[in-house]
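Undergrad: This is the structure I have questions about; it appears just below.
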Amino acid sequence: MKKLHSLLSEKKNVLSIYFTSGFPKLGDTTKVIAALEKSGVDFIEVGLPYSDPLADGPTIQDSSQKALENGINLDVIFEQLMTIKSTNTTPLVLMGYLNQMLKYGEEKFCQKVVDCGIETLIIPDLPMVEFENHYQALFDKYGLTNVFLITPNTEVERIQKIDSYTKAFIYVVASSSITGAKGEISNQQIAYFERIQAMGLKSKLIVGFGISDKTTFNTACSYADGAIIGSAFIKYLDHNGIEKIDDFVKPIRS
């Protein structure tokens, strides 16, 4: 969290890219990270492929399925990430699901994450009550922080509670639907961003879901500290390959 905290404290218009581990090919995890780092992405969201990804749209679901067919699993991912621990300087955030952690073993999972030099998790299906009763202490034990998601339907009281627990950033889900590029940001979404912005939260705000290009990225950054691009990047990666990643990132930055 120290690297990420420093980044978020010092920089505006933060760009994060989400990708699926083990996609397009099993050995591509570290290659994608290296290419994204070289392209100047601020932090990278590393997706842990899962057979039932509730928050993900068809593009990321498809990439997860292909990664699983490639033979990816948590042990392979952790082994891959360990190989770049000493060379990668871009903060990494792991995004997965609670059942993955439970099946792997909570303590073992946390230790592996720390061993890889990662300090921030996004577990979108982690219930608040479970976090308060168990996972907050577990994550504190390992020096990990959890990123909570809010949506247009999240109640004010819950947003304020999330703000009080947040040590990295609040993930502002741009719509109430699953992930996926959806064209321009609507006036309804802008009203939602303005409402969250007006709350005066202490936490940094990063927008995700439906951010796909320079226009949507810039719009999101007008109301938050940065944004995450996922499905649009996965599609681009699938069609153009790792060697063209810079051509995706640079126009967003220009």
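Residue numbers start at 1 in each chain; chains themselves are named A, B, ... in the order of the structure tokens; ligands are numbered from 1 in the order shown.
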Apply DSSP to the backbone of this structure and, from segment 75-165 of chain A, keep only the residues in helix (DSSP H, G or I); write these as a ChimeraX atom specification.

TA: /A:75-82,98-104,106-115,128-142,156-165

Undergrad: Generate the output file for the selected residues, N, CA and C atoms, as a compact mmCIF listing (two decimals), in the first residue's frame.

TA:
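Saved result, result11.txt, follows:
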```txt
# COMPACT_ATOMS: atom_id res chain seq x y z
N ASP A 75 -1.50 -20.75 -7.65
CA ASP A 75 -0.09 -21.08 -7.47
C ASP A 75 0.75 -20.59 -8.64
N VAL A 76 0.25 -20.80 -9.85
CA VAL A 76 0.98 -20.35 -11.04
C VAL A 76 1.09 -18.83 -11.05
N ILE A 77 -0.01 -18.15 -10.71
CA ILE A 77 0.01 -16.69 -10.69
C ILE A 77 1.04 -16.17 -9.69
N PHE A 78 1.03 -16.73 -8.48
CA PHE A 78 1.97 -16.29 -7.46
C PHE A 78 3.42 -16.57 -7.90
N GLU A 79 3.64 -17.71 -8.54
CA GLU A 79 4.98 -18.02 -9.05
C GLU A 79 5.40 -17.00 -10.11
N GLN A 80 4.48 -16.66 -10.99
CA GLN A 80 4.78 -15.68 -12.03
C GLN A 80 5.11 -14.32 -11.42
N LEU A 81 4.30 -13.89 -10.47
CA LEU A 81 4.50 -12.58 -9.86
C LEU A 81 5.80 -12.52 -9.06
N MET A 82 6.19 -13.63 -8.47
CA MET A 82 7.45 -13.66 -7.72
C MET A 82 8.65 -13.40 -8.63
N LEU A 98 -13.88 -13.92 -3.09
CA LEU A 98 -13.74 -14.46 -1.74
C LEU A 98 -13.55 -15.97 -1.76
N ASN A 99 -14.30 -16.66 -2.61
CA ASN A 99 -14.22 -18.12 -2.63
C ASN A 99 -12.83 -18.61 -3.03
N GLN A 100 -12.14 -17.83 -3.87
CA GLN A 100 -10.78 -18.20 -4.24
C GLN A 100 -9.87 -18.20 -3.02
N MET A 101 -10.02 -17.18 -2.20
CA MET A 101 -9.21 -17.07 -1.00
C MET A 101 -9.56 -18.17 0.00
N LEU A 102 -10.84 -18.46 0.13
CA LEU A 102 -11.29 -19.50 1.07
C LEU A 102 -10.76 -20.87 0.65
N LYS A 103 -10.86 -21.18 -0.63
CA LYS A 103 -10.40 -22.49 -1.12
C LYS A 103 -8.89 -22.64 -1.00
N TYR A 104 -8.18 -21.55 -1.22
CA TYR A 104 -6.72 -21.59 -1.17
C TYR A 104 -6.21 -21.64 0.26
N GLU A 106 -7.02 -18.88 3.74
CA GLU A 106 -6.90 -17.44 3.95
C GLU A 106 -5.49 -17.00 4.32
N GLU A 107 -4.92 -17.66 5.31
CA GLU A 107 -3.58 -17.28 5.76
C GLU A 107 -2.54 -17.51 4.66
N LYS A 108 -2.66 -18.65 3.99
CA LYS A 108 -1.73 -18.97 2.91
C LYS A 108 -1.85 -17.96 1.78
N PHE A 109 -3.07 -17.59 1.45
CA PHE A 109 -3.32 -16.61 0.40
C PHE A 109 -2.67 -15.28 0.75
N CYS A 110 -2.94 -14.80 1.94
CA CYS A 110 -2.39 -13.51 2.36
C CYS A 110 -0.87 -13.51 2.36
N GLN A 111 -0.29 -14.59 2.84
CA GLN A 111 1.17 -14.68 2.88
C GLN A 111 1.76 -14.66 1.47
N LYS A 112 1.13 -15.38 0.56
CA LYS A 112 1.61 -15.40 -0.83
C LYS A 112 1.54 -14.02 -1.47
N VAL A 113 0.44 -13.32 -1.20
CA VAL A 113 0.28 -11.96 -1.74
C VAL A 113 1.40 -11.07 -1.26
N VAL A 114 1.67 -11.12 0.03
CA VAL A 114 2.74 -10.30 0.62
C VAL A 114 4.10 -10.72 0.06
N ASP A 115 4.31 -12.02 -0.09
CA ASP A 115 5.58 -12.51 -0.64
C ASP A 115 5.84 -11.95 -2.03
N MET A 128 -19.40 -6.64 3.98
CA MET A 128 -18.89 -5.71 4.97
C MET A 128 -18.84 -6.34 6.36
N VAL A 129 -19.89 -7.10 6.71
CA VAL A 129 -19.93 -7.70 8.05
C VAL A 129 -18.80 -8.70 8.22
N GLU A 130 -18.45 -9.44 7.16
CA GLU A 130 -17.35 -10.38 7.23
C GLU A 130 -16.02 -9.66 7.35
N PHE A 131 -15.90 -8.53 6.64
CA PHE A 131 -14.69 -7.73 6.77
C PHE A 131 -14.52 -7.24 8.20
N GLU A 132 -15.58 -6.71 8.77
CA GLU A 132 -15.51 -6.16 10.12
C GLU A 132 -15.24 -7.22 11.17
N ASN A 133 -15.85 -8.40 11.00
CA ASN A 133 -15.75 -9.45 12.02
C ASN A 133 -14.50 -10.31 11.90
N HIS A 134 -13.90 -10.34 10.71
CA HIS A 134 -12.78 -11.28 10.53
C HIS A 134 -11.65 -10.73 9.66
N TYR A 135 -11.99 -10.27 8.44
CA TYR A 135 -10.94 -9.98 7.47
C TYR A 135 -10.15 -8.71 7.75
N GLN A 136 -10.76 -7.78 8.42
CA GLN A 136 -10.01 -6.57 8.77
C GLN A 136 -8.79 -6.93 9.62
N ALA A 137 -9.00 -7.76 10.63
CA ALA A 137 -7.89 -8.19 11.50
C ALA A 137 -6.89 -9.04 10.73
N LEU A 138 -7.39 -9.92 9.86
CA LEU A 138 -6.51 -10.77 9.07
C LEU A 138 -5.65 -9.94 8.14
N PHE A 139 -6.26 -9.01 7.43
CA PHE A 139 -5.50 -8.17 6.51
C PHE A 139 -4.51 -7.29 7.25
N ASP A 140 -4.92 -6.76 8.40
CA ASP A 140 -4.00 -5.94 9.21
C ASP A 140 -2.78 -6.76 9.63
N LYS A 141 -3.02 -8.02 9.95
CA LYS A 141 -1.92 -8.91 10.37
C LYS A 141 -0.85 -9.01 9.29
N TYR A 142 -1.29 -9.02 8.03
CA TYR A 142 -0.36 -9.18 6.92
C TYR A 142 -0.01 -7.86 6.23
N VAL A 156 -25.73 6.22 1.57
CA VAL A 156 -24.78 7.19 2.12
C VAL A 156 -24.07 6.64 3.35
N GLU A 157 -24.81 6.00 4.23
CA GLU A 157 -24.22 5.47 5.47
C GLU A 157 -23.13 4.45 5.16
N ARG A 158 -23.37 3.60 4.16
CA ARG A 158 -22.37 2.59 3.80
C ARG A 158 -21.15 3.26 3.16
N ILE A 159 -21.38 4.26 2.33
CA ILE A 159 -20.25 4.97 1.71
C ILE A 159 -19.38 5.60 2.78
N GLN A 160 -20.01 6.20 3.78
CA GLN A 160 -19.24 6.83 4.86
C GLN A 160 -18.46 5.79 5.66
N LYS A 161 -19.06 4.62 5.86
CA LYS A 161 -18.36 3.55 6.58
C LYS A 161 -17.17 3.06 5.76
N ILE A 162 -17.39 2.87 4.46
CA ILE A 162 -16.30 2.46 3.57
C ILE A 162 -15.17 3.49 3.60
N ASP A 163 -15.54 4.75 3.59
CA ASP A 163 -14.54 5.82 3.64
C ASP A 163 -13.69 5.73 4.89
N SER A 164 -14.32 5.37 6.00
CA SER A 164 -13.59 5.28 7.27
C SER A 164 -12.60 4.11 7.29
N TYR A 165 -12.91 3.06 6.52
CA TYR A 165 -12.04 1.88 6.48
C TYR A 165 -10.96 1.96 5.40
```

Undergrad: Can you check which parts of segment 28-82 of chain A lie within 10 Å of segment 209-230 of chain A? Per residue, the shortest pair of atoms and distance in Å to one decimal, counting only C-alpha atoms, sorted by chain and number, as a tab-separated table.

TA:
```
residue	atom	partner	partner_atom	distance
A:Asp42	CA	A:Gly226	CA	9.6
A:Phe43	CA	A:Ile228	CA	9.1
A:Ile44	CA	A:Ile228	CA	8.8
A:Glu45	CA	A:Ile228	CA	8.2
A:Gly47	CA	A:Gly230	CA	9.7
A:Ala55	CA	A:Phe209	CA	9.6
A:Asp56	CA	A:Phe209	CA	9.1
A:Gly57	CA	A:Phe209	CA	9.4
A:Thr59	CA	A:Gly230	CA	9.1
A:Ile60	CA	A:Gly230	CA	7.9
```

Undergrad: Calculated over only C-alpha atoms, which of the candidates A:Phe23, A:Thr166, A:His5, A:Glu37 has the smallest distance to Lys235 of chain A?

TA: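 So, comparing all the options, the nearest one is A:Phe23.
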
Undergrad: Find the residues near Pro91 of chain A: any atom within 12 Å, counting only C-alpha atoms, skip ones fewer than 6 places away on the same chain, and give them as a PDB file with C-alpha atoms, in the first residue's frame.

TA:
```pdb
ATOM      1  CA  MET A   1       0.000   0.000   0.000  1.00  0.00           C
ATOM      2  CA  LYS A   2       2.973   2.305   0.559  1.00  0.00           C
ATOM      3  CA  LYS A   3       3.797   2.509  -3.167  1.00  0.00           C
ATOM      4  CA  LEU A   4       0.158   2.938  -4.096  1.00  0.00           C
ATOM      5  CA  HIS A   5      -0.498   5.399  -1.275  1.00  0.00           C
ATOM      6  CA  SER A   6       2.442   7.544  -2.378  1.00  0.00           C
ATOM      7  CA  LEU A   7       1.247   7.443  -5.964  1.00  0.00           C
ATOM      8  CA  LEU A   8      -2.303   8.463  -5.095  1.00  0.00           C
ATOM      9  CA  VAL A  14      -4.183   8.232 -12.268  1.00  0.00           C
ATOM     10  CA  LEU A  15      -4.481   5.590 -14.991  1.00  0.00           C
ATOM     11  CA  SER A  16      -4.869   1.948 -14.050  1.00  0.00           C
ATOM     12  CA  ILE A  17      -5.270  -0.975 -16.411  1.00  0.00           C
ATOM     13  CA  ILE A  33       2.808  -6.248 -16.633  1.00  0.00           C
ATOM     14  CA  ALA A  34       6.193  -5.336 -18.134  1.00  0.00           C
ATOM     15  CA  LEU A  36       2.074  -1.816 -19.132  1.00  0.00           C
ATOM     16  CA  GLU A  37       4.856  -0.567 -16.878  1.00  0.00           C
ATOM     17  CA  GLY A  40       3.588   4.473 -18.164  1.00  0.00           C
ATOM     18  CA  VAL A  41       0.471   3.052 -16.514  1.00  0.00           C
ATOM     19  CA  ASP A  42       0.294   4.256 -12.894  1.00  0.00           C
ATOM     20  CA  PHE A  43      -0.889   1.032 -11.284  1.00  0.00           C
ATOM     21  CA  ILE A  44      -1.989  -2.348 -12.592  1.00  0.00           C
ATOM     22  CA  GLU A  45      -4.993  -4.393 -11.516  1.00  0.00           C
ATOM     23  CA  VAL A  46      -4.097  -8.074 -11.812  1.00  0.00           C
ATOM     24  CA  ILE A  84       9.172  -9.882 -11.279  1.00  0.00           C
ATOM     25  CA  LYS A  85       9.096  -8.820  -7.637  1.00  0.00           C
ATOM     26  CA  CYS A 116       4.889 -11.158  -4.133  1.00  0.00           C
ATOM     27  CA  GLY A 117       5.281  -7.597  -2.866  1.00  0.00           C
ATOM     28  CA  ILE A 118       1.581  -6.753  -3.211  1.00  0.00           C
ATOM     29  CA  GLU A 119      -0.277  -4.863  -0.512  1.00  0.00           C
ATOM     30  CA  THR A 120      -3.722  -4.131  -1.953  1.00  0.00           C
ATOM     31  CA  LEU A 121      -6.664  -6.420  -2.727  1.00  0.00           C
ATOM     32  CA  ALA A 168      -5.897   2.872  -0.554  1.00  0.00           C
TER      33      ALA A 168
END
```

Undergrad: Report the residues of segment 68-175 of chain A whose backbone DSSP state falls under strand (DSSP E or B), written as a list in words.

TA: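 Written out, the strand (DSSP E or B) residues of segment 68-175 of chain A are Leu92, Val93, Leu94, Met95, Thr120, Leu121, Ile122, Thr145, Asn146, Val147, Leu149, Ile150, Phe169, Ile170, Tyr171, Val172 and Val173 of chain A.
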
Undergrad: Atom CA of Lys25 of chain A and atom CA of Thr89 of chain A are how many Å apart?

TA: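 Separation between atom CA of Lys25 of chain A and atom CA of Thr89 of chain A: 23.1 Å.
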
Undergrad: Which residues, written as a list in words, have at least one atom at most 12 Å from Asp62 of chain A, with only C-alpha atoms counted and residues fewer than 3 positions away on the same chain left out?

TA: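 Counting only C-alpha atoms, the residues come to Thr20, Phe23, Pro24, Pro49, Tyr50, Ser51, Asp52, Pro53, Asp56, Gly57, Pro58, Thr59, Gln65, Lys66, Ala67, Leu68, Glu69, Gly180, Ser231, Ile234, Lys235 and Asp238 of chain A.
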
Undergrad: Figure out the distance between atom CA of Ser175 of chain A and atom CA of Gln188 of chain A, please, to one decimal in Å.

TA: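 Distance reported for this atom pair: 9.4 Å.
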
Undergrad: Using only C-alpha atoms, pick whichever of A:Arg195, A:Lys204, A:Lys167, A:Lys31 has the shortest atom-to-atom distance to Lys244 of chain A.

TA: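 Of the candidates, the smallest distance to Lys244 of chain A is held by A:Lys31.
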
Undergrad: Select, from A:Leu144, A:Ile206, A:Ile190, A:Ile150, the residue with the minimum atom-to-atom distance to Phe169 of chain A, counting only C-alpha atoms.

TA: A:Ile206

Undergrad: Compare A:Glu155, A:Val207, A:Val147, A:Asp246 by their minimum atom-to-atom distance to Ala174 of chain A, counting only C-alpha atoms, and give me the closest one.

TA: A:Val207

Undergrad: What is the distance, in Å and to one decimal place, between atom CA of Gly105 of chain A and atom CA of Asn146 of chain A?

TA: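 If I compute the distance from atom CA of Gly105 of chain A to atom CA of Asn146 of chain A, I get 17.1 Å.
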